[in-house]
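As provided, final.pdb (PDB, N, CA and C atoms) reads as follows.
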```
ATOM      1  N   GLY X   1      87.153  80.539  74.802
ATOM      2  CA  GLY X   1      85.838  79.964  74.621
ATOM      3  C   GLY X   1      84.747  80.901  75.105
ATOM      4  N   LEU X   2      83.588  80.357  75.122
ATOM      5  CA  LEU X   2      82.418  81.124  75.549
ATOM      6  C   LEU X   2      82.161  80.917  77.036
ATOM      7  N   SER X   3      81.814  81.991  77.724
ATOM      8  CA  SER X   3      81.493  81.902  79.151
ATOM      9  C   SER X   3      80.065  81.394  79.319
ATOM     10  N   SER X   4      79.723  81.077  80.542
ATOM     11  CA  SER X   4      78.361  80.642  80.841
ATOM     12  C   SER X   4      77.367  81.751  80.491
ATOM     13  N   GLY X   5      77.757  82.996  80.735
ATOM     14  CA  GLY X   5      76.911  84.130  80.387
ATOM     15  C   GLY X   5      76.686  84.229  78.886
ATOM     16  N   ASP X   6      77.752  83.959  78.103
ATOM     17  CA  ASP X   6      77.630  83.962  76.645
ATOM     18  C   ASP X   6      76.655  82.876  76.193
ATOM     19  N   MET X   7      76.769  81.714  76.816
ATOM     20  CA  MET X   7      75.892  80.598  76.464
ATOM     21  C   MET X   7      74.440  80.934  76.801
ATOM     22  N   ASP X   8      74.225  81.576  77.944
ATOM     23  CA  ASP X   8      72.875  82.013  78.323
ATOM     24  C   ASP X   8      72.327  82.968  77.278
ATOM     25  N   ARG X   9      73.161  83.901  76.857
ATOM     26  CA  ARG X   9      72.728  84.907  75.877
ATOM     27  C   ARG X   9      72.358  84.238  74.554
ATOM     28  N   ILE X  10      73.181  83.310  74.100
ATOM     29  CA  ILE X  10      72.903  82.618  72.838
ATOM     30  C   ILE X  10      71.591  81.841  72.947
ATOM     31  N   GLU X  11      71.420  81.127  74.047
ATOM     32  CA  GLU X  11      70.192  80.352  74.240
ATOM     33  C   GLU X  11      68.962  81.269  74.246
ATOM     34  N   ASN X  12      69.054  82.378  74.971
ATOM     35  CA  ASN X  12      67.937  83.323  75.019
ATOM     36  C   ASN X  12      67.682  83.950  73.651
ATOM     37  N   ASP X  13      68.751  84.275  72.933
ATOM     38  CA  ASP X  13      68.610  84.848  71.590
ATOM     39  C   ASP X  13      67.914  83.867  70.647
ATOM     40  N   LEU X  14      68.352  82.614  70.680
ATOM     41  CA  LEU X  14      67.739  81.604  69.810
ATOM     42  C   LEU X  14      66.270  81.400  70.174
ATOM     43  N   ALA X  15      65.977  81.438  71.474
ATOM     44  CA  ALA X  15      64.591  81.293  71.922
ATOM     45  C   ALA X  15      63.749  82.472  71.433
ATOM     46  N   SER X  16      64.288  83.674  71.499
ATOM     47  CA  SER X  16      63.568  84.866  71.029
ATOM     48  C   SER X  16      63.297  84.783  69.535
ATOM     49  N   PHE X  17      64.293  84.362  68.773
ATOM     50  CA  PHE X  17      64.127  84.257  67.329
ATOM     51  C   PHE X  17      63.101  83.182  66.984
ATOM     52  N   SER X  18      63.184  82.045  67.650
ATOM     53  CA  SER X  18      62.224  80.956  67.411
ATOM     54  C   SER X  18      60.808  81.402  67.738
ATOM     55  N   ALA X  19      60.657  82.123  68.848
ATOM     56  CA  ALA X  19      59.340  82.616  69.256
ATOM     57  C   ALA X  19      58.799  83.618  68.235
ATOM     58  N   ALA X  20      59.667  84.470  67.718
ATOM     59  CA  ALA X  20      59.245  85.442  66.705
ATOM     60  C   ALA X  20      58.758  84.726  65.452
ATOM     61  N   MET X  21      59.467  83.692  65.064
ATOM     62  CA  MET X  21      59.062  82.918  63.876
ATOM     63  C   MET X  21      57.725  82.224  64.123
ATOM     64  N   ALA X  22      57.546  81.682  65.315
ATOM     65  CA  ALA X  22      56.322  80.947  65.634
ATOM     66  C   ALA X  22      55.113  81.871  65.737
ATOM     67  N   SER X  23      55.338  83.090  66.190
ATOM     68  CA  SER X  23      54.209  83.988  66.428
ATOM     69  C   SER X  23      53.890  84.924  65.266
ATOM     70  N   ASN X  24      54.783  84.992  64.283
ATOM     71  CA  ASN X  24      54.579  85.913  63.167
ATOM     72  C   ASN X  24      54.543  85.130  61.857
ATOM     73  N   GLU X  25      53.338  84.880  61.374
ATOM     74  CA  GLU X  25      53.175  84.070  60.169
ATOM     75  C   GLU X  25      53.857  84.695  58.950
ATOM     76  N   ASN X  26      53.798  86.021  58.838
ATOM     77  CA  ASN X  26      54.439  86.691  57.701
ATOM     78  C   ASN X  26      55.958  86.519  57.732
ATOM     79  N   LEU X  27      56.538  86.646  58.912
ATOM     80  CA  LEU X  27      57.979  86.448  59.062
ATOM     81  C   LEU X  27      58.340  85.018  58.713
ATOM     82  N   ASN X  28      57.606  84.076  59.273
ATOM     83  CA  ASN X  28      57.871  82.672  59.012
ATOM     84  C   ASN X  28      57.796  82.372  57.517
ATOM     85  N   GLU X  29      56.753  82.859  56.873
ATOM     86  CA  GLU X  29      56.569  82.620  55.436
ATOM     87  C   GLU X  29      57.719  83.225  54.633
ATOM     88  N   ALA X  30      58.117  84.441  54.973
ATOM     89  CA  ALA X  30      59.198  85.105  54.237
ATOM     90  C   ALA X  30      60.509  84.341  54.362
ATOM     91  N   LEU X  31      60.749  83.752  55.536
ATOM     92  CA  LEU X  31      62.026  83.076  55.763
ATOM     93  C   LEU X  31      62.063  81.631  55.275
ATOM     94  N   VAL X  32      60.906  81.032  55.029
ATOM     95  CA  VAL X  32      60.911  79.641  54.565
ATOM     96  C   VAL X  32      60.434  79.474  53.123
ATOM     97  N   SER X  33      59.844  80.500  52.558
ATOM     98  CA  SER X  33      59.295  80.403  51.203
ATOM     99  C   SER X  33      60.383  80.207  50.153
ATOM    100  N   PRO X  34      60.164  79.263  49.242
ATOM    101  CA  PRO X  34      61.132  79.076  48.164
ATOM    102  C   PRO X  34      61.111  80.232  47.158
ATOM    103  N   ILE X  35      60.082  81.055  47.212
ATOM    104  CA  ILE X  35      59.965  82.190  46.292
ATOM    105  C   ILE X  35      60.903  83.328  46.684
ATOM    106  N   VAL X  36      61.176  83.458  47.997
ATOM    107  CA  VAL X  36      62.044  84.520  48.495
ATOM    108  C   VAL X  36      63.497  84.096  48.308
ATOM    109  N   SER X  37      64.308  84.989  47.723
ATOM    110  CA  SER X  37      65.719  84.664  47.469
ATOM    111  C   SER X  37      66.495  84.538  48.775
ATOM    112  N   ALA X  38      67.590  83.796  48.718
ATOM    113  CA  ALA X  38      68.443  83.627  49.894
ATOM    114  C   ALA X  38      68.963  84.984  50.374
ATOM    115  N   THR X  39      69.291  85.854  49.449
ATOM    116  CA  THR X  39      69.785  87.193  49.794
ATOM    117  C   THR X  39      68.737  87.966  50.584
ATOM    118  N   ASP X  40      67.485  87.922  50.119
ATOM    119  CA  ASP X  40      66.403  88.609  50.828
ATOM    120  C   ASP X  40      66.148  87.979  52.192
ATOM    121  N   LYS X  41      66.250  86.659  52.281
ATOM    122  CA  LYS X  41      66.053  85.972  53.559
ATOM    123  C   LYS X  41      67.102  86.409  54.575
ATOM    124  N   VAL X  42      68.335  86.568  54.108
ATOM    125  CA  VAL X  42      69.416  87.015  55.000
ATOM    126  C   VAL X  42      69.094  88.407  55.542
ATOM    127  N   VAL X  43      68.669  89.309  54.666
ATOM    128  CA  VAL X  43      68.331  90.669  55.084
ATOM    129  C   VAL X  43      67.173  90.648  56.086
ATOM    130  N   ILE X  44      66.148  89.859  55.799
ATOM    131  CA  ILE X  44      64.991  89.755  56.700
ATOM    132  C   ILE X  44      65.422  89.199  58.058
ATOM    133  N   ALA X  45      66.254  88.164  58.046
ATOM    134  CA  ALA X  45      66.733  87.563  59.294
ATOM    135  C   ALA X  45      67.564  88.568  60.092
ATOM    136  N   GLN X  46      68.436  89.307  59.409
ATOM    137  CA  GLN X  46      69.271  90.291  60.097
ATOM    138  C   GLN X  46      68.427  91.419  60.693
ATOM    139  N   LYS X  47      67.446  91.905  59.943
ATOM    140  CA  LYS X  47      66.569  92.976  60.440
ATOM    141  C   LYS X  47      65.759  92.490  61.647
ATOM    142  N   THR X  48      65.281  91.249  61.569
ATOM    143  CA  THR X  48      64.526  90.673  62.676
ATOM    144  C   THR X  48      65.408  90.549  63.911
ATOM    145  N   ALA X  49      66.611  90.044  63.721
ATOM    146  CA  ALA X  49      67.549  89.894  64.835
ATOM    147  C   ALA X  49      67.864  91.251  65.458
ATOM    148  N   GLU X  50      68.021  92.253  64.621
ATOM    149  CA  GLU X  50      68.296  93.605  65.107
ATOM    150  C   GLU X  50      67.126  94.118  65.951
ATOM    151  N   LYS X  51      65.893  93.925  65.457
ATOM    152  CA  LYS X  51      64.704  94.368  66.194
ATOM    153  C   LYS X  51      64.578  93.636  67.526
ATOM    154  N   LEU X  52      65.003  92.385  67.563
ATOM    155  CA  LEU X  52      64.922  91.597  68.794
ATOM    156  C   LEU X  52      66.092  91.882  69.739
ATOM    157  N   GLY X  53      67.092  92.621  69.259
ATOM    158  CA  GLY X  53      68.251  92.942  70.087
ATOM    159  C   GLY X  53      69.187  91.772  70.306
ATOM    160  N   LEU X  54      69.288  90.882  69.309
ATOM    161  CA  LEU X  54      70.144  89.707  69.444
ATOM    162  C   LEU X  54      71.614  90.092  69.354
ATOM    163  N   SER X  55      72.474  89.277  69.946
ATOM    164  CA  SER X  55      73.917  89.506  69.900
ATOM    165  C   SER X  55      74.423  89.362  68.464
ATOM    166  N   LYS X  56      75.607  89.897  68.209
ATOM    167  CA  LYS X  56      76.186  89.802  66.871
ATOM    168  C   LYS X  56      76.398  88.340  66.481
ATOM    169  N   LEU X  57      76.880  87.540  67.422
ATOM    170  CA  LEU X  57      77.120  86.123  67.135
ATOM    171  C   LEU X  57      75.834  85.427  66.708
ATOM    172  N   THR X  58      74.765  85.636  67.452
ATOM    173  CA  THR X  58      73.496  84.991  67.112
ATOM    174  C   THR X  58      72.926  85.574  65.826
ATOM    175  N   THR X  59      73.061  86.871  65.632
ATOM    176  CA  THR X  59      72.593  87.501  64.395
ATOM    177  C   THR X  59      73.301  86.894  63.189
ATOM    178  N   ASP X  60      74.607  86.729  63.295
ATOM    179  CA  ASP X  60      75.371  86.112  62.198
ATOM    180  C   ASP X  60      74.923  84.670  61.961
ATOM    181  N   PHE X  61      74.651  83.942  63.038
ATOM    182  CA  PHE X  61      74.207  82.554  62.912
ATOM    183  C   PHE X  61      72.835  82.473  62.249
ATOM    184  N   VAL X  62      71.924  83.341  62.668
ATOM    185  CA  VAL X  62      70.578  83.373  62.091
ATOM    186  C   VAL X  62      70.660  83.733  60.599
ATOM    187  N   ALA X  63      71.537  84.668  60.261
ATOM    188  CA  ALA X  63      71.729  85.037  58.849
ATOM    189  C   ALA X  63      72.256  83.844  58.054
ATOM    190  N   LEU X  64      73.171  83.083  58.638
ATOM    191  CA  LEU X  64      73.691  81.887  57.969
ATOM    192  C   LEU X  64      72.586  80.851  57.786
ATOM    193  N   MET X  65      71.754  80.675  58.808
ATOM    194  CA  MET X  65      70.618  79.750  58.675
ATOM    195  C   MET X  65      69.715  80.195  57.528
ATOM    196  N   ALA X  66      69.473  81.495  57.428
ATOM    197  CA  ALA X  66      68.622  82.017  56.356
ATOM    198  C   ALA X  66      69.256  81.752  54.992
ATOM    199  N   LYS X  67      70.558  82.001  54.893
ATOM    200  CA  LYS X  67      71.275  81.801  53.624
ATOM    201  C   LYS X  67      71.219  80.342  53.180
ATOM    202  N   LYS X  68      71.277  79.434  54.142
ATOM    203  CA  LYS X  68      71.298  77.996  53.849
ATOM    204  C   LYS X  68      69.905  77.357  53.892
ATOM    205  N   ASN X  69      68.862  78.192  53.967
ATOM    206  CA  ASN X  69      67.480  77.705  54.029
ATOM    207  C   ASN X  69      67.251  76.731  55.178
ATOM    208  N   ARG X  70      67.761  77.083  56.345
ATOM    209  CA  ARG X  70      67.606  76.235  57.527
ATOM    210  C   ARG X  70      66.820  76.923  58.643
ATOM    211  N   VAL X  71      66.262  78.101  58.368
ATOM    212  CA  VAL X  71      65.559  78.856  59.402
ATOM    213  C   VAL X  71      64.359  78.082  59.935
ATOM    214  N   SER X  72      63.750  77.271  59.108
ATOM    215  CA  SER X  72      62.593  76.491  59.570
ATOM    216  C   SER X  72      62.984  75.510  60.675
ATOM    217  N   HIS X  73      64.265  75.280  60.850
ATOM    218  CA  HIS X  73      64.763  74.362  61.881
ATOM    219  C   HIS X  73      65.199  75.096  63.149
ATOM    220  N   ALA X  74      64.865  76.380  63.262
ATOM    221  CA  ALA X  74      65.328  77.181  64.408
ATOM    222  C   ALA X  74      64.941  76.549  65.742
ATOM    223  N   GLY X  75      63.725  76.056  65.858
ATOM    224  CA  GLY X  75      63.283  75.416  67.104
ATOM    225  C   GLY X  75      64.090  74.171  67.423
ATOM    226  N   ASP X  76      64.353  73.364  66.398
ATOM    227  CA  ASP X  76      65.159  72.150  66.589
ATOM    228  C   ASP X  76      66.600  72.501  66.959
ATOM    229  N   ILE X  77      67.112  73.558  66.354
ATOM    230  CA  ILE X  77      68.479  73.996  66.659
ATOM    231  C   ILE X  77      68.551  74.462  68.111
ATOM    232  N   LEU X  78      67.542  75.192  68.559
ATOM    233  CA  LEU X  78      67.481  75.625  69.963
ATOM    234  C   LEU X  78      67.440  74.409  70.886
ATOM    235  N   ASP X  79      66.608  73.429  70.563
ATOM    236  CA  ASP X  79      66.526  72.208  71.380
ATOM    237  C   ASP X  79      67.874  71.489  71.422
ATOM    238  N   GLY X  80      68.529  71.398  70.277
ATOM    239  CA  GLY X  80      69.844  70.763  70.210
ATOM    240  C   GLY X  80      70.881  71.516  71.031
ATOM    241  N   PHE X  81      70.837  72.843  70.947
ATOM    242  CA  PHE X  81      71.762  73.674  71.716
ATOM    243  C   PHE X  81      71.569  73.425  73.213
ATOM    244  N   LYS X  82      70.316  73.399  73.649
ATOM    245  CA  LYS X  82      70.023  73.153  75.070
ATOM    246  C   LYS X  82      70.527  71.778  75.499
ATOM    247  N   SER X  83      70.308  70.783  74.646
ATOM    248  CA  SER X  83      70.735  69.416  74.948
ATOM    249  C   SER X  83      72.244  69.320  75.116
ATOM    250  N   VAL X  84      72.956  69.867  74.154
ATOM    251  CA  VAL X  84      74.413  69.811  74.180
ATOM    252  C   VAL X  84      74.941  70.582  75.393
ATOM    253  N   ARG X  85      74.301  71.700  75.653
ATOM    254  CA  ARG X  85      74.720  72.519  76.797
ATOM    255  C   ARG X  85      74.522  71.760  78.105
ATOM    256  N   LEU X  86      73.387  71.097  78.264
ATOM    257  CA  LEU X  86      73.124  70.339  79.489
ATOM    258  C   LEU X  86      74.132  69.206  79.656
ATOM    259  N   GLU X  87      74.472  68.559  78.547
ATOM    260  CA  GLU X  87      75.428  67.445  78.605
ATOM    261  C   GLU X  87      76.817  67.923  78.999
ATOM    262  N   SER X  88      77.162  69.166  78.624
ATOM    263  CA  SER X  88      78.513  69.659  78.890
ATOM    264  C   SER X  88      78.664  70.235  80.297
ATOM    265  N   GLU X  89      77.566  70.413  81.002
ATOM    266  CA  GLU X  89      77.648  71.000  82.357
ATOM    267  C   GLU X  89      77.866  69.947  83.413
TER     268      GLU X  89
END
```
As structure tokens:
Amino acid sequence: GLSSGDMDRIENDLASFSAAMASNENLNEALVSPIVSATDKVVIAQKTAEKLGLSKLTTDFVALMAKKNRVSHAGDILDGFKSVRLESE
């Protein structure tokens, strides 16, 4: 399983990605726009994750969110992750 350190890293990575989406209107628009293809969204999400220095696990998850058009829910996913994590401790 994942260690407490791994969980901290995932939480911090998700927070960084959510903050990037919230603070960068162009990024947010590119990742949620129906005009941008799922393939392009995946590339944009991966490049963003790389620039933010996210772990491979979180980068893969963010890419999956982009592919499934769920990136707009990044903040809610972070909140859910924190909730589940608190309940399990």
Just give me the gap between atom CA of Ala74 of chain X and atom CA of Asn24 of chain X in Å, one decimal is fine.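 Atom CA of Ala74 of chain X sits 13.9 Å away from atom CA of Asn24 of chain X.
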For the provided coordinates, the residues matched by the PyMOL selection byres ((chain X and resi 60-69) around 6.5) should be stated as a short mmCIF file (atom, residue, chain, number, x, y, z; two decimals) with N, CA and C atoms, in the coordinates of the input.
```
data_model
loop_
_atom_site.label_atom_id
_atom_site.label_comp_id
_atom_site.auth_asym_id
_atom_site.auth_seq_id
_atom_site.Cartn_x
_atom_site.Cartn_y
_atom_site.Cartn_z
N ALA X 38 67.59 83.80 48.72
CA ALA X 38 68.44 83.63 49.89
C ALA X 38 68.96 84.98 50.37
N THR X 39 69.29 85.85 49.45
CA THR X 39 69.78 87.19 49.79
C THR X 39 68.74 87.97 50.58
N LYS X 41 66.25 86.66 52.28
CA LYS X 41 66.05 85.97 53.56
C LYS X 41 67.10 86.41 54.58
N VAL X 42 68.33 86.57 54.11
CA VAL X 42 69.42 87.02 55.00
C VAL X 42 69.09 88.41 55.54
N ALA X 45 66.25 88.16 58.05
CA ALA X 45 66.73 87.56 59.29
C ALA X 45 67.56 88.57 60.09
N GLN X 46 68.44 89.31 59.41
CA GLN X 46 69.27 90.29 60.10
C GLN X 46 68.43 91.42 60.69
N SER X 55 72.47 89.28 69.95
CA SER X 55 73.92 89.51 69.90
C SER X 55 74.42 89.36 68.46
N LYS X 56 75.61 89.90 68.21
CA LYS X 56 76.19 89.80 66.87
C LYS X 56 76.40 88.34 66.48
N LEU X 57 76.88 87.54 67.42
CA LEU X 57 77.12 86.12 67.14
C LEU X 57 75.83 85.43 66.71
N THR X 58 74.76 85.64 67.45
CA THR X 58 73.50 84.99 67.11
C THR X 58 72.93 85.57 65.83
N THR X 59 73.06 86.87 65.63
CA THR X 59 72.59 87.50 64.40
C THR X 59 73.30 86.89 63.19
N ARG X 70 67.76 77.08 56.34
CA ARG X 70 67.61 76.24 57.53
C ARG X 70 66.82 76.92 58.64
N VAL X 71 66.26 78.10 58.37
CA VAL X 71 65.56 78.86 59.40
C VAL X 71 64.36 78.08 59.94
N SER X 72 63.75 77.27 59.11
CA SER X 72 62.59 76.49 59.57
C SER X 72 62.98 75.51 60.68
#
```
What is the atom N of Glu50 of chain X-atom N of Gly1 of chain X distance in Å, reported with one decimal?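 Atom N of Glu50 of chain X sits 24.6 Å away from atom N of Gly1 of chain X.
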Please expand the PyMOL selection byres (((chain X and resi 79-83 and name CA) around 10) and name CA) into the concrete residues it hits in this file, giving the result as a list of chain:residue names.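 Applying the PyMOL selection byres (((chain X and resi 79-83 and name CA) around 10) and name CA) to the structure shown produces X:Met7, X:Asp8, X:Ile10, X:Glu11, X:Leu14, X:Ala15, X:His73, X:Ala74, X:Gly75, X:Asp76, X:Ile77, X:Leu78, X:Val84, X:Arg85, X:Leu86, X:Glu87, X:Ser88.
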Take atom N of Asp13 of chain X and atom CA of Ala49 of chain X and report the distance between them in Å, one decimal.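 Here the two named atoms are 9.9 Å from each other.
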Hey, could you pull the box centre and edge lengths for segment 56-73 of chain X, axis-aligned, 6 Å padding per side, all listed atoms, to one decimal in Å, as JSON?
```
{"center_x": 69.9, "center_y": 82.1, "center_z": 60.7, "size_x": 26.5, "size_y": 27.5, "size_z": 27.0}
```
Using DSSP on the backbone coordinates, identify the residues of chain X assigned to alpha helix (DSSP H); present them as a ChimeraX atom specification. /X:4-23,25-32,38-52,56-67,74-88
Rank X:Asn12, X:Gly53, X:Thr48, X:Glu89 by their smallest atom-to-atom distance to Asn28 of chain X, using only C-alpha atoms, and report the top residue only.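 Looking at the shortest contact to Asn28 of chain X, the residue is X:Thr48.
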